[in-house]
Each structure stands twice: as C-alpha cells, then as structure tokens.
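> Got a file for you: run06.csv, CSV, C-alpha atoms (C1' of nucleotides).
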```csv
chain,number,residue,atom,x,y,z
A,1,MET,CA,-25.1,42.0,-16.0
A,2,ASN,CA,-21.9,43.9,-15.6
A,3,ILE,CA,-20.6,44.5,-12.0
A,4,LYS,CA,-19.6,48.1,-12.9
A,5,PHE,CA,-23.2,49.0,-13.6
A,6,LEU,CA,-24.3,47.5,-10.3
A,7,TYR,CA,-21.9,49.8,-8.6
A,8,LYS,CA,-23.2,52.7,-10.6
A,9,LEU,CA,-26.7,51.8,-9.7
A,10,LEU,CA,-25.8,51.5,-6.0
A,11,ARG,CA,-24.1,54.9,-6.1
A,12,ASN,CA,-27.3,56.4,-7.4
A,13,LEU,CA,-29.5,54.9,-4.7
A,14,GLY,CA,-30.3,56.7,-1.5
A,15,SER,CA,-31.4,54.9,1.6
A,16,LYS,CA,-33.7,56.2,4.4
A,17,THR,CA,-35.3,54.9,7.5
A,18,PHE,CA,-38.8,55.8,8.6
A,19,GLU,CA,-40.4,55.4,11.9
A,20,LYS,CA,-43.7,53.5,12.2
A,21,GLY,CA,-46.5,55.7,11.1
A,22,GLU,CA,-44.5,58.1,9.0
A,23,ILE,CA,-45.8,59.4,5.6
A,24,ILE,CA,-43.4,58.6,2.8
A,25,ILE,CA,-45.6,60.0,0.0
A,26,ASP,CA,-48.5,62.2,0.8
A,27,GLU,CA,-51.6,62.4,-1.3
A,28,ALA,CA,-51.1,65.2,-3.9
A,29,ASP,CA,-47.3,65.0,-3.7
A,30,LYS,CA,-45.5,64.8,-7.0
A,31,ILE,CA,-42.7,62.6,-6.0
A,32,ASN,CA,-40.8,60.6,-8.6
A,33,ASN,CA,-38.9,58.3,-6.3
A,34,VAL,CA,-38.9,54.6,-6.7
A,35,PHE,CA,-38.6,52.7,-3.4
A,36,TYR,CA,-37.3,49.3,-2.6
A,37,ILE,CA,-38.2,48.0,0.9
A,38,ARG,CA,-35.2,46.5,2.6
A,39,LYS,CA,-37.1,46.0,5.9
A,40,GLY,CA,-40.6,47.1,7.0
A,41,LEU,CA,-44.1,47.5,5.8
A,42,VAL,CA,-45.9,50.2,3.9
A,43,ARG,CA,-49.5,50.7,2.9
A,44,SER,CA,-51.0,53.0,0.3
A,45,TYR,CA,-54.5,54.4,0.9
A,46,LEU,CA,-56.9,57.2,0.1
A,47,ILE,CA,-59.8,58.7,1.8
A,48,ASN,CA,-63.0,58.2,-0.2
A,49,GLU,CA,-66.0,60.6,-0.5
A,50,LYS,CA,-67.5,59.1,2.7
A,51,GLY,CA,-64.4,60.1,4.7
A,52,GLU,CA,-63.3,56.5,5.0
A,53,GLU,CA,-59.6,55.4,4.6
A,54,ILE,CA,-59.5,52.7,1.9
A,55,THR,CA,-56.3,50.7,1.7
A,56,PHE,CA,-55.2,50.1,-1.9
A,57,GLN,CA,-52.0,48.1,-1.5
A,58,LEU,CA,-49.6,46.7,1.1
A,59,PHE,CA,-45.8,46.4,0.5
A,60,ALA,CA,-43.2,44.4,2.5
A,61,GLU,CA,-39.6,43.3,2.2
A,62,ARG,CA,-38.2,43.0,-1.3
A,63,GLN,CA,-41.1,44.8,-2.9
A,64,ILE,CA,-40.9,47.9,-5.0
A,65,PHE,CA,-43.3,50.7,-4.8
A,66,GLY,CA,-43.7,54.2,-6.1
A,67,ASN,CA,-46.1,56.9,-6.9
A,68,VAL,CA,-47.4,55.6,-10.2
A,69,HIS,CA,-49.6,58.7,-10.9
A,70,THR,CA,-46.6,61.0,-10.9
A,71,ILE,CA,-44.1,58.6,-12.5
A,72,LEU,CA,-46.3,57.7,-15.4
A,73,PHE,CA,-48.5,60.7,-15.8
A,74,ASN,CA,-46.9,63.5,-14.0
A,75,GLU,CA,-50.0,64.0,-11.9
A,76,PRO,CA,-50.1,64.3,-8.1
A,77,SER,CA,-50.3,61.1,-6.2
A,78,LYS,CA,-53.7,59.6,-5.7
A,79,PHE,CA,-52.6,57.7,-2.6
A,80,THR,CA,-50.8,58.3,0.6
A,81,PHE,CA,-48.0,55.9,1.4
A,82,GLU,CA,-47.5,55.4,5.1
A,83,THR,CA,-45.3,53.0,7.1
A,84,LEU,CA,-46.9,50.5,9.3
A,85,GLU,CA,-43.6,49.5,10.9
A,86,ASN,CA,-40.2,51.0,11.2
A,87,THR,CA,-39.1,50.8,7.6
A,88,LYS,CA,-35.8,51.0,5.7
A,89,VAL,CA,-36.0,51.7,2.0
A,90,TYR,CA,-33.5,52.2,-0.8
A,91,PHE,CA,-34.7,54.7,-3.4
A,92,THR,CA,-33.9,56.6,-6.5
A,93,ASP,CA,-35.9,58.9,-8.7
A,94,LEU,CA,-37.1,58.1,-12.1
A,95,LYS,CA,-34.9,60.7,-13.8
A,96,THR,CA,-31.8,59.1,-12.5
A,97,PHE,CA,-33.2,55.8,-13.4
A,98,GLN,CA,-34.0,56.9,-16.9
A,99,ASP,CA,-30.6,58.6,-17.4
A,100,LEU,CA,-28.9,55.4,-16.4
A,101,SER,CA,-31.2,53.5,-18.7
A,102,THR,CA,-30.7,55.5,-21.8
A,103,SER,CA,-27.0,55.8,-21.5
A,104,ASN,CA,-26.6,52.1,-21.0
A,105,SER,CA,-28.6,49.2,-22.3
A,106,ASP,CA,-27.8,47.1,-19.3
A,107,PHE,CA,-29.6,49.7,-17.2
A,108,LEU,CA,-32.5,49.5,-19.6
A,109,LYS,CA,-32.7,45.9,-18.8
A,110,ILE,CA,-32.6,46.6,-15.1
A,111,ASP,CA,-35.2,49.3,-15.6
A,112,ASN,CA,-37.5,47.0,-17.5
A,113,ALA,CA,-36.8,44.1,-15.2
A,114,ILE,CA,-37.3,45.9,-11.9
A,115,PHE,CA,-39.8,48.4,-12.9
A,116,GLY,CA,-42.1,47.4,-15.6
A,117,ARG,CA,-42.0,43.8,-14.7
A,118,GLN,CA,-42.7,43.7,-11.0
A,119,ILE,CA,-45.3,46.4,-11.1
A,120,LEU,CA,-47.1,45.0,-14.2
A,121,LYS,CA,-46.9,41.5,-12.9
A,122,GLN,CA,-48.5,42.4,-9.6
A,123,ALA,CA,-51.1,44.4,-11.4
A,124,PHE,CA,-52.1,41.6,-13.7
A,125,GLN,CA,-52.1,39.0,-11.0
A,126,ARG,CA,-54.4,41.2,-9.0
A,127,ILE,CA,-56.8,41.8,-11.9
A,128,ASP,CA,-56.8,38.0,-12.5
A,129,SER,CA,-57.8,37.5,-8.9
A,130,PHE,CA,-60.8,39.8,-9.3
A,131,VAL,CA,-61.9,38.3,-12.6
A,132,PHE,CA,-61.4,34.6,-12.0
A,133,LEU,CA,-61.7,34.2,-8.2
A,134,SER,CA,-64.4,34.5,-5.6
A,135,PRO,CA,-63.6,36.7,-2.6
A,136,GLU,CA,-62.9,33.6,-0.6
A,137,LYS,CA,-60.5,32.2,-3.1
A,138,ARG,CA,-59.0,35.6,-3.5
A,139,TYR,CA,-58.3,35.8,0.2
A,140,GLN,CA,-56.7,32.3,0.2
A,141,GLN,CA,-54.5,33.3,-2.8
A,142,TYR,CA,-53.4,36.5,-1.0
A,143,LEU,CA,-52.4,34.4,2.0
A,144,LYS,CA,-50.3,32.2,-0.2
A,145,ASP,CA,-48.8,35.1,-2.2
A,146,TYR,CA,-48.1,37.4,0.7
A,147,PRO,CA,-47.6,35.2,3.8
A,148,ASN,CA,-45.2,37.8,5.2
A,149,ILE,CA,-47.9,40.5,5.2
A,150,ILE,CA,-51.1,39.1,6.6
A,151,SER,CA,-49.9,38.5,10.1
A,152,ARG,CA,-48.5,42.0,10.4
A,153,VAL,CA,-51.4,44.2,9.5
A,154,PRO,CA,-55.0,44.6,10.6
A,155,ASP,CA,-57.5,42.5,8.7
A,156,LYS,CA,-59.4,45.6,7.7
A,157,TYR,CA,-56.6,46.6,5.4
A,158,ILE,CA,-56.5,43.2,3.8
A,159,ALA,CA,-60.3,43.5,3.3
A,160,ASN,CA,-59.9,46.7,1.4
A,161,VAL,CA,-57.2,45.2,-0.8
A,162,LEU,CA,-59.4,42.3,-1.6
A,163,GLY,CA,-62.3,44.6,-2.4
A,164,VAL,CA,-64.6,43.4,0.4
A,165,THR,CA,-65.7,44.8,3.7
A,166,PRO,CA,-64.0,43.9,7.0
A,167,VAL,CA,-67.2,42.3,8.3
A,168,SER,CA,-67.4,40.1,5.2
A,169,LEU,CA,-63.7,39.1,5.4
A,170,SER,CA,-64.3,38.1,9.0
A,171,ARG,CA,-67.1,35.8,7.8
A,172,ILE,CA,-64.9,34.4,5.0
A,173,ARG,CA,-62.3,33.6,7.6
A,174,LYS,CA,-64.9,31.8,9.7
A,175,ARG,CA,-66.2,29.8,6.7
A,176,ILE,CA,-62.6,28.7,5.8
A,177,SER,CA,-61.8,27.7,9.3
A,178,LYS,CA,-65.0,25.6,9.5
A,179,LYS,CA,-63.9,23.7,6.4
A,180,ASN,CA,-60.7,22.6,8.2
B,181,MET,CA,-40.4,63.9,-31.4
B,182,ASN,CA,-38.3,63.8,-34.5
B,183,ILE,CA,-40.0,63.0,-37.8
B,184,LYS,CA,-37.1,60.7,-38.8
B,185,PHE,CA,-37.9,58.4,-35.9
B,186,LEU,CA,-41.5,58.3,-36.8
B,187,TYR,CA,-40.5,57.1,-40.2
B,188,LYS,CA,-38.2,54.6,-38.7
B,189,LEU,CA,-40.9,53.4,-36.4
B,190,LEU,CA,-43.3,53.1,-39.3
B,191,ARG,CA,-40.8,51.1,-41.4
B,192,ASN,CA,-40.6,48.6,-38.5
B,193,LEU,CA,-44.3,48.1,-38.2
B,194,GLY,CA,-46.2,45.4,-40.0
B,195,SER,CA,-49.8,45.6,-40.7
B,196,LYS,CA,-52.3,42.7,-41.0
B,197,THR,CA,-56.0,42.2,-41.4
B,198,PHE,CA,-57.9,39.5,-39.7
B,199,GLU,CA,-61.4,38.2,-40.4
B,200,LYS,CA,-63.9,38.1,-37.7
B,201,GLY,CA,-63.4,35.1,-35.5
B,202,GLU,CA,-59.7,34.6,-36.2
B,203,ILE,CA,-57.2,33.8,-33.6
B,204,ILE,CA,-54.4,36.4,-33.3
B,205,ILE,CA,-52.6,34.8,-30.4
B,206,ASP,CA,-53.5,31.4,-29.2
B,207,GLU,CA,-53.2,30.1,-25.7
B,208,ALA,CA,-49.7,28.7,-25.1
B,209,ASP,CA,-48.2,30.7,-28.0
B,210,LYS,CA,-45.0,32.6,-27.3
B,211,ILE,CA,-45.6,35.6,-29.5
B,212,ASN,CA,-43.7,38.8,-28.7
B,213,ASN,CA,-45.7,41.1,-31.0
B,214,VAL,CA,-47.2,44.3,-29.8
B,215,PHE,CA,-50.4,45.2,-31.6
B,216,TYR,CA,-52.1,48.4,-32.2
B,217,ILE,CA,-55.7,48.2,-33.4
B,218,ARG,CA,-56.4,50.4,-36.3
B,219,LYS,CA,-60.0,49.2,-36.8
B,220,GLY,CA,-61.9,46.3,-35.2
B,221,LEU,CA,-62.4,44.5,-32.0
B,222,VAL,CA,-60.4,41.9,-30.1
B,223,ARG,CA,-61.0,39.9,-26.9
B,224,SER,CA,-58.7,37.9,-24.8
B,225,TYR,CA,-60.1,35.0,-22.9
B,226,LEU,CA,-59.2,31.6,-21.3
B,227,ILE,CA,-61.0,28.5,-20.6
B,228,ASN,CA,-61.3,27.8,-16.9
B,229,GLU,CA,-61.3,24.5,-15.0
B,230,LYS,CA,-65.1,24.1,-15.5
B,231,GLY,CA,-64.6,24.4,-19.3
B,232,GLU,CA,-66.2,27.9,-19.5
B,233,GLU,CA,-64.7,30.7,-21.6
B,234,ILE,CA,-63.9,33.6,-19.4
B,235,THR,CA,-63.3,36.9,-21.2
B,236,PHE,CA,-60.4,38.8,-19.6
B,237,GLN,CA,-60.2,42.0,-21.7
B,238,LEU,CA,-61.7,43.7,-24.7
B,239,PHE,CA,-59.7,46.0,-27.1
B,240,ALA,CA,-61.0,48.3,-29.8
B,241,GLU,CA,-59.7,51.1,-32.0
B,242,ARG,CA,-56.6,52.9,-30.8
B,243,GLN,CA,-55.8,50.4,-28.1
B,244,ILE,CA,-52.6,48.5,-27.7
B,245,PHE,CA,-52.5,44.8,-26.7
B,246,GLY,CA,-50.0,42.1,-26.5
B,247,ASN,CA,-49.2,38.9,-24.8
B,248,VAL,CA,-47.9,40.1,-21.5
B,249,HIS,CA,-46.9,36.7,-20.3
B,250,THR,CA,-44.4,36.2,-23.1
B,251,ILE,CA,-43.3,39.8,-23.4
B,252,LEU,CA,-42.6,40.3,-19.7
B,253,PHE,CA,-41.8,36.8,-18.5
B,254,ASN,CA,-41.0,34.7,-21.6
B,255,GLU,CA,-43.8,32.3,-20.7
B,256,PRO,CA,-46.5,31.0,-23.0
B,257,SER,CA,-49.6,33.1,-23.3
B,258,LYS,CA,-52.2,32.5,-20.7
B,259,PHE,CA,-54.9,34.0,-22.9
B,260,THR,CA,-56.3,33.5,-26.4
B,261,PHE,CA,-56.7,36.7,-28.4
B,262,GLU,CA,-59.6,36.5,-30.9
B,263,THR,CA,-61.1,39.0,-33.2
B,264,LEU,CA,-64.8,39.8,-32.8
B,265,GLU,CA,-64.9,41.8,-36.0
B,266,ASN,CA,-62.8,42.2,-39.1
B,267,THR,CA,-59.8,43.8,-37.6
B,268,LYS,CA,-56.8,45.7,-38.9
B,269,VAL,CA,-53.8,45.9,-36.7
B,270,TYR,CA,-50.3,47.4,-36.9
B,271,PHE,CA,-47.7,45.4,-35.0
B,272,THR,CA,-44.1,45.0,-34.2
B,273,ASP,CA,-42.3,42.7,-31.9
B,274,LEU,CA,-40.6,43.6,-28.7
B,275,LYS,CA,-37.1,42.9,-30.0
B,276,THR,CA,-37.5,45.5,-32.8
B,277,PHE,CA,-39.1,47.8,-30.3
B,278,GLN,CA,-36.2,47.4,-27.8
B,279,ASP,CA,-33.5,47.7,-30.5
B,280,LEU,CA,-35.1,51.0,-31.6
B,281,SER,CA,-35.4,52.0,-28.0
B,282,THR,CA,-31.8,51.4,-26.9
B,283,SER,CA,-30.3,52.9,-30.0
B,284,ASN,CA,-32.3,56.0,-29.6
B,285,SER,CA,-33.7,57.8,-26.6
B,286,ASP,CA,-36.6,59.2,-28.6
B,287,PHE,CA,-37.7,55.6,-29.1
B,288,LEU,CA,-37.3,54.9,-25.5
B,289,LYS,CA,-39.7,57.7,-24.8
B,290,ILE,CA,-42.1,56.2,-27.3
B,291,ASP,CA,-41.6,52.8,-25.8
B,292,ASN,CA,-42.3,54.0,-22.3
B,293,ALA,CA,-45.1,56.2,-23.5
B,294,ILE,CA,-46.9,53.7,-25.6
B,295,PHE,CA,-46.1,50.6,-23.8
B,296,GLY,CA,-45.6,50.9,-20.1
B,297,ARG,CA,-48.0,53.8,-19.8
B,298,GLN,CA,-51.1,52.6,-21.6
B,299,ILE,CA,-50.9,49.1,-20.3
B,300,LEU,CA,-50.1,50.1,-16.7
B,301,LYS,CA,-52.6,52.9,-16.8
B,302,GLN,CA,-55.4,50.5,-17.8
B,303,ALA,CA,-54.3,47.9,-15.3
B,304,PHE,CA,-54.3,50.4,-12.4
B,305,GLN,CA,-57.6,51.9,-13.4
B,306,ARG,CA,-59.1,48.4,-13.5
B,307,ILE,CA,-57.8,47.5,-10.1
B,308,ASP,CA,-59.1,50.8,-8.8
B,309,SER,CA,-62.5,49.9,-10.1
B,310,PHE,CA,-62.5,46.6,-8.2
B,311,VAL,CA,-61.3,48.1,-5.0
B,312,PHE,CA,-63.3,51.3,-4.9
B,313,LEU,CA,-66.5,50.6,-6.9
B,314,SER,CA,-69.5,48.3,-6.5
B,315,PRO,CA,-70.3,46.1,-9.5
B,316,GLU,CA,-73.0,48.6,-10.5
B,317,LYS,CA,-70.7,51.6,-10.4
B,318,ARG,CA,-68.0,49.5,-12.1
B,319,TYR,CA,-70.4,48.8,-15.0
B,320,GLN,CA,-71.3,52.5,-15.3
B,321,GLN,CA,-67.6,53.5,-15.4
B,322,TYR,CA,-66.9,50.9,-18.0
B,323,LEU,CA,-69.7,52.4,-20.1
B,324,LYS,CA,-68.1,55.8,-19.7
B,325,ASP,CA,-64.6,54.6,-20.4
B,326,TYR,CA,-65.3,52.4,-23.3
B,327,PRO,CA,-68.4,53.7,-25.0
B,328,ASN,CA,-67.1,52.3,-28.3
B,329,ILE,CA,-67.1,48.7,-27.0
B,330,ILE,CA,-70.2,48.0,-25.1
B,331,SER,CA,-72.6,48.2,-28.1
B,332,ARG,CA,-70.5,45.9,-30.2
B,333,VAL,CA,-70.0,42.8,-27.9
B,334,PRO,CA,-72.3,40.5,-26.1
B,335,ASP,CA,-73.0,41.5,-22.5
B,336,LYS,CA,-71.7,38.2,-21.2
B,337,TYR,CA,-68.2,39.3,-22.2
B,338,ILE,CA,-68.6,42.5,-20.4
B,339,ALA,CA,-69.9,40.6,-17.4
B,340,ASN,CA,-66.7,38.6,-17.3
B,341,VAL,CA,-64.5,41.7,-17.6
B,342,LEU,CA,-66.3,43.2,-14.7
B,343,GLY,CA,-66.0,40.1,-12.6
B,344,VAL,CA,-69.8,39.3,-12.3
B,345,THR,CA,-72.0,36.7,-13.9
B,346,PRO,CA,-74.1,37.5,-17.0
B,347,VAL,CA,-77.3,37.1,-15.0
B,348,SER,CA,-76.1,39.5,-12.5
B,349,LEU,CA,-75.1,42.1,-15.1
B,350,SER,CA,-78.6,41.8,-16.6
B,351,ARG,CA,-80.1,42.7,-13.2
B,352,ILE,CA,-77.6,45.5,-12.7
B,353,ARG,CA,-78.8,46.9,-16.1
B,354,LYS,CA,-82.4,46.7,-15.0
B,355,ARG,CA,-81.7,48.4,-11.7
B,356,ILE,CA,-79.9,51.2,-13.5
B,357,SER,CA,-82.7,51.7,-16.0
B,358,LYS,CA,-85.3,51.8,-13.2
B,359,LYS,CA,-83.5,54.7,-11.6
B,360,ASN,CA,-83.8,56.7,-14.9
C,361,DC,C1',-88.1,33.5,-44.8
C,362,DT,C1',-87.5,29.7,-41.6
C,363,DC,C1',-85.1,27.1,-38.4
C,364,DA,C1',-81.5,26.6,-35.2
C,365,DT,C1',-78.4,28.7,-32.1
C,366,DT,C1',-76.9,32.2,-29.2
C,367,DT,C1',-77.8,35.7,-26.0
C,368,DA,C1',-80.5,38.4,-22.6
C,369,DT,C1',-84.0,38.5,-19.4
C,370,DT,C1',-86.8,36.8,-15.8
C,371,DA,C1',-88.0,33.7,-12.0
C,372,DT,C1',-86.9,30.9,-8.0
C,373,DC,C1',-84.0,29.6,-4.5
C,374,DT,C1',-79.7,29.7,-1.9
C,375,DT,C1',-75.6,31.9,-0.6
C,376,DT,C1',-73.0,35.8,0.1
C,377,DT,C1',-72.3,40.5,0.9
C,378,DG,C1',-73.3,45.2,2.7
C,379,DT,C1',-74.9,47.9,6.6
C,380,DT,C1',-75.4,49.0,11.1
C,381,DA,C1',-74.9,48.1,15.7
C,382,DA,C1',-73.5,45.6,19.7
C,383,DC,C1',-70.0,43.2,22.3
C,384,DG,C1',-65.6,41.7,24.0
C,385,DA,C1',-60.6,41.3,23.7
C,386,DG,C1',-56.7,43.6,23.3
C,387,DT,C1',-53.8,48.2,23.3
C,388,DA,C1',-52.8,52.4,24.4
C,389,DT,C1',-53.3,56.7,27.4
C,390,DT,C1',-53.6,59.2,31.1
D,391,DA,C1',-56.0,51.2,37.7
D,392,DA,C1',-59.4,53.3,35.2
D,393,DT,C1',-60.5,55.1,30.6
D,394,DA,C1',-60.7,55.4,25.9
D,395,DC,C1',-59.7,53.3,21.3
D,396,DT,C1',-59.1,50.1,17.9
D,397,DC,C1',-60.0,45.8,16.1
D,398,DG,C1',-62.2,41.5,15.1
D,399,DT,C1',-66.3,39.0,15.7
D,400,DT,C1',-71.2,38.3,15.8
D,401,DA,C1',-76.1,39.4,15.1
D,402,DA,C1',-80.0,41.0,12.4
D,403,DC,C1',-81.8,42.6,8.4
D,404,DA,C1',-81.8,44.3,3.6
D,405,DA,C1',-79.7,44.1,-0.7
D,406,DA,C1',-77.2,41.9,-4.1
D,407,DA,C1',-75.1,38.0,-6.3
D,408,DG,C1',-74.6,33.1,-7.7
D,409,DA,C1',-76.8,28.9,-9.6
D,410,DT,C1',-80.1,26.8,-12.4
D,411,DA,C1',-83.8,26.7,-15.3
D,412,DA,C1',-87.4,28.5,-18.3
D,413,DT,C1',-88.6,31.9,-21.6
D,414,DA,C1',-88.1,35.6,-24.7
D,415,DA,C1',-85.4,38.2,-27.9
D,416,DA,C1',-81.9,38.5,-31.2
D,417,DT,C1',-78.7,36.7,-34.4
D,418,DG,C1',-77.0,33.7,-37.9
D,419,DA,C1',-77.1,30.0,-41.4
D,420,DG,C1',-79.2,27.8,-44.9
```
So, in terms of structure tokens, how does the structure I just supplied come out?


Amino acid sequence: MNIKFLYKLLRNLGSKTFEKGEIIIDEADKINNVFYIRKGLVRSYLINEKGEEITFQLFAERQIFGNVHTILFNEPSKFTFETLENTKVYFTDLKTFQDLSTSNSDFLKIDNAIFGRQILKQAFQRIDSFVFLSPEKRYQQYLKDYPNIISRVPDKYIANVLGVTPVSLSRIRKRISKKN
Amino acid sequence: MNIKFLYKLLRNLGSKTFEKGEIIIDEADKINNVFYIRKGLVRSYLINEKGEEITFQLFAERQIFGNVHTILFNEPSKFTFETLENTKVYFTDLKTFQDLSTSNSDFLKIDNAIFGRQILKQAFQRIDSFVFLSPEKRYQQYLKDYPNIISRVPDKYIANVLGVTPVSLSRIRKRISKKN
DNA sequence: CTCATTTATTATCTTTTGTTAACGAGTATT
DNA sequence: AATACTCGTTAACAAAAGATAATAAATGAG
C-alpha cells in the first residue's frame, strides 16, 4: 500500500475524545461516520418493548464500529452507541471513504479490508457461536476472543451480548469455576 | 444505473445448473465465486466434532451466497454448499467483480449494493434474532422472513439454523399450534 | 405397491434457562 | 456517616431445552 494514500487517509480522518457516559450515536440518528477506537470502550444498545436496555455489542481498542443501519440502508440507527470509559476515536464518514475508494483502487482495498472484512468477520463469528456453541461455550469463547473487554464492563452487558439473562450467566460462571 | 454496465455485468456472469444433491462448494475448497440463485435451494453445512451435519444457512430464489471464508480471508471454505433441489445459478468470481468495480463507479455501487449489503443485512438480522428473540419468536420470524424456504426443507435443517435441536423445534411448533 | 430409510413427533428424564425476589458487596450521593 | 443505587449471586419455582429412545408419519428406491 502506497504511503501517499495513507497520508491522504489520515488527512481525511477526524479524531474526537468522549467522556465516559457520552452518547456517540443516538437511536434514530442518521450518522454515517465510521469510528475506530484508539482508546476506550463503547457499547451499543436499544430499549426493548418492556423498557429494558439490551446491549447488542461492545467495542474496545482497535475495533471499528459504525451505524450499520444508516451506512448500509440509509435508515435511522437502531442502536444507541454510548461510551463506558473516556474514549478516543478516529472517524470519517462513508462519503469520504467512498470518494477515496472510487478514485483510487488502493483505497478500495482499504475500504474492503477495514470495512467489509472486520464487520463481516465479526458478524459471522458471532452467528457461528450461536449456531454451534452452547451458552457456556459461547461465554468461554467470548472470554478468549475479547479478553480486554470482559474485565471492564458489567456482566449483565456480556449476558445480553451472549443472548442469555444475567442470572443465567452468573450460573454459567459458577459452573465453570466448579470445573476448575 | 447505466444500461451499458448492466450488459457488461451480464457478459461477465456465468450460469450453471445443478442437479439436486450436488455439491457447489466443498469444505476446504478455495472458490471465489459469488452465486445468485435463479431457481432452486441450497444449504451450507459442516460436520462437527461429533460427526453430525449442522446446517448453517439456507438459500433460495433471489438470494446471493458465496464462500465467505475464501472471499474475505483467502482461507478454505468452512462449509459445504449443497443443492437440495435442482438449482440454476448465475455466478461470477470476486476478481471479475472487483475489476468491474474499480474500473467503474457504477459497478462499485452494484458491488456494495448486492454484496456487502445483502450479506451484511442478513448477518445482522440473524444476530438480532439471537440476541433479542426467544427460540419460539425466532422460529416465527424465520417463517415470516423466508416463507419460500420452510415448506421445502426438512425441519431439522431449520432447527440447526435457529440454533436449537430438531426435537426442541418440534415442541416449539406444537406450542405455537396450541395457541391458535 | 412394498420395503427400507429418513424425518417428525412423542415420551421420559435430566439439565439448563427464565422469572422473580431476596440478599449482600460495592459505589456513589448527599 | 448515612442513604440510595447498582451489580452479582443465590434461592425457589415454572418453563423450556437437551439427550435418548420409541413410535408414527412421510419419503424414496426398487
């Protein structure tokens, strides 16, 4: 990859720092930005019909996130993205990204590489874990895949991400610790 | 979208017909093709450590599928793709697709539109269904989203896709029918 | 059509999960 | 320091799911 394009990419990136507890993208926002987490922790969640907050995903250092509903479908965001720690992100918006991509095939590669790949890879891994793994195994895989996240967030968020209740996750943890 | 590009796209598409029960992509193949189902039914599956076939996904008319592991990561396919009916597909490979995309921004749009979008959309919908829905609701949503599939495949495949056992799916069906 | 195979259902039993509520530990607030 | 909150754990019970096996229904092959 050409160094010139790296510079061009960097010139087109913004950076921003959020305090713990700030909202980066609110539900119903139509924000096209693509974010890269330099430092910090972000969770996406929604409020279900019972009024409960359900955490959909957690993002930490070196992860990319964005409002998929707007980026892909031009619809308002289904999730709220909130920082759980003071967080520094780099960001650009999809338009810039695409302009760079179309004018330059190296950028297309970056686009595909960063964008499609990481997000699709995570998505497929996650579906895998639901189809092939029991909740217990799923938790253990999450521990392995995201060791930098689990110790920094409440278990109830993890429970949501794994598709189980917090009470059930607590029991899973107990079962696992008994085995060791 | 320009009609010229449509012609160009069509010239770069192959078409092929498979008998019921044929393998389109075998596990460990490194096939880059992107397939569009004109008519028929395809399932992807793998054989787990217990020797059981686990169905990962089902595809029918107007759906796109491909070997994500090779396309995105240049790794051998994790799944086998097998036809469950006589099936006609259109296909191209990613290289052709990307050549078209880079030389022409309309193609890029098609690329993004067809490729990223449909696959990512399906992936996210599916994760949603695991995080937010009970197995019973998940089954009902699958019925709604893929009415053209359920009546054409054995329930045990659907069970795998939904992440439950065939026995459990049978009970779910009974519970639902009792309520009506 | 008949027989063999596959698939779906049902039953039984065990395990896990959901739900709700209670409790205690730890934080935060005032 | 006292109070209120949040969070994780535990308990108790009901509901659901997994495992296994038996049976019924459907499908396919000859």

> Counting only C-alpha atoms (C1' of nucleotides), a student should be able to say which residues of chain A come within 9 Å of chain D; what is the right answer, written as a list in words?

Pro154, Asp155, Lys156, Pro166, Val167, Ser170 and Arg171 of chain A

> Which chain C residues have any atom within 12 Å of an atom of chain B, and for each, what is the nearest pair of atoms with distance in Å to one decimal, counting all atoms listed in the file, rows sorted by chain and number, as a tab-separated table?


```
residue	atom	partner	partner_atom	distance
C:DT366	C1'	B:Pro334	CA	10.0
C:DT367	C1'	B:Pro334	CA	7.3
C:DA368	C1'	B:Ser350	CA	7.2
C:DT369	C1'	B:Ser350	CA	6.9
C:DT370	C1'	B:Arg351	CA	9.3
C:DA371	C1'	B:Val347	CA	11.6
C:DT377	C1'	B:Ser314	CA	11.1
C:DG378	C1'	B:Ser314	CA	10.4
```

> Quick one: of A:Thr92, A:Asn32, A:Asn12, A:Gln57, who's nearest to B:Ile307, counting all atoms listed in the file?

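Nearest candidate to B:Ile307 out of A:Thr92, A:Asn32, A:Asn12, A:Gln57: A:Gln57.
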
> If we count all atoms listed in the file, what is near B:Phe239 at a cut-off of 10 Å, once residues fewer than 4 positions away on the same chain are taken out, given as a PyMOL selection string?

chain B and resi 216-217+220-224+243-245+261+263-264+326+328-329

> Just to be explicit: take each residue in the selection above, keep C-alpha atoms, and write the result as a compact mmCIF listing (two decimals), in the coordinates of the input.


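Output contents, as saved in result-v3.txt:
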```
# COMPACT_ATOMS: atom_id res chain seq x y z
CA TYR B 216 -52.10 48.40 -32.20
CA ILE B 217 -55.70 48.20 -33.40
CA GLY B 220 -61.90 46.30 -35.20
CA LEU B 221 -62.40 44.50 -32.00
CA VAL B 222 -60.40 41.90 -30.10
CA ARG B 223 -61.00 39.90 -26.90
CA SER B 224 -58.70 37.90 -24.80
CA GLN B 243 -55.80 50.40 -28.10
CA ILE B 244 -52.60 48.50 -27.70
CA PHE B 245 -52.50 44.80 -26.70
CA PHE B 261 -56.70 36.70 -28.40
CA THR B 263 -61.10 39.00 -33.20
CA LEU B 264 -64.80 39.80 -32.80
CA TYR B 326 -65.30 52.40 -23.30
CA ASN B 328 -67.10 52.30 -28.30
CA ILE B 329 -67.10 48.70 -27.00
```

> Any idea what the distance is between atom CA of B:Asn247 and atom CA of B:Thr267?

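Atom-to-atom, atom CA of B:Asn247 to atom CA of B:Thr267, that is 17.3 Å.
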
> Go through B:Gln305, B:Gly194, B:Lys258, B:Asn266 and flag the residue nearest B:Asp325, using all atoms listed in the file for the distances.

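The answer is B:Gln305, which sits nearest to B:Asp325.
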
> Select, from B:Phe304, B:Phe198, B:Tyr187, B:Phe215, the residue with the minimum atom-to-atom distance to chain A, counting all atoms listed in the file.

B:Phe304

> Could you tell me how far atom CA of B:Ala303 lies from atom CA of B:Arg332, in Å and to one decimal?

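Answer for the atom CA of B:Ala303 to atom CA of B:Arg332 separation: 22.1 Å.
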
> For atom CA of B:His249 and atom CA of B:Gly201, determine how far apart the two atoms are, in Å to one decimal place.

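Between atom CA of B:His249 and atom CA of B:Gly201 the gap is 22.5 Å.
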
> Of the candidates A:Ile176, A:Ala28, A:Leu46, A:Val161, which shows the shortest atom-to-atom distance to chain B, using all atoms listed in the file?

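Ranked by minimum distance to chain B, first place goes to A:Val161.
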
> Taking 5 positions as the minimum chain separation for residues in the same chain, which residues sit within 10 Å of A:Ser134 when counting only C-alpha atoms (C1' of nucleotides)? Answer as a list in words.

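Counting only C-alpha atoms (C1' of nucleotides), the residues come to Ser129, Tyr139 and Gln140 of chain A; Gly343 and Val344 of chain B.
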
> Restricting the calculation to all atoms listed in the file: of A:Glu82, A:Asp26, A:Glu19, A:Glu53, which residue gets closest to chain B?

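Residue with the minimum atom-to-atom distance to chain B: A:Glu53.
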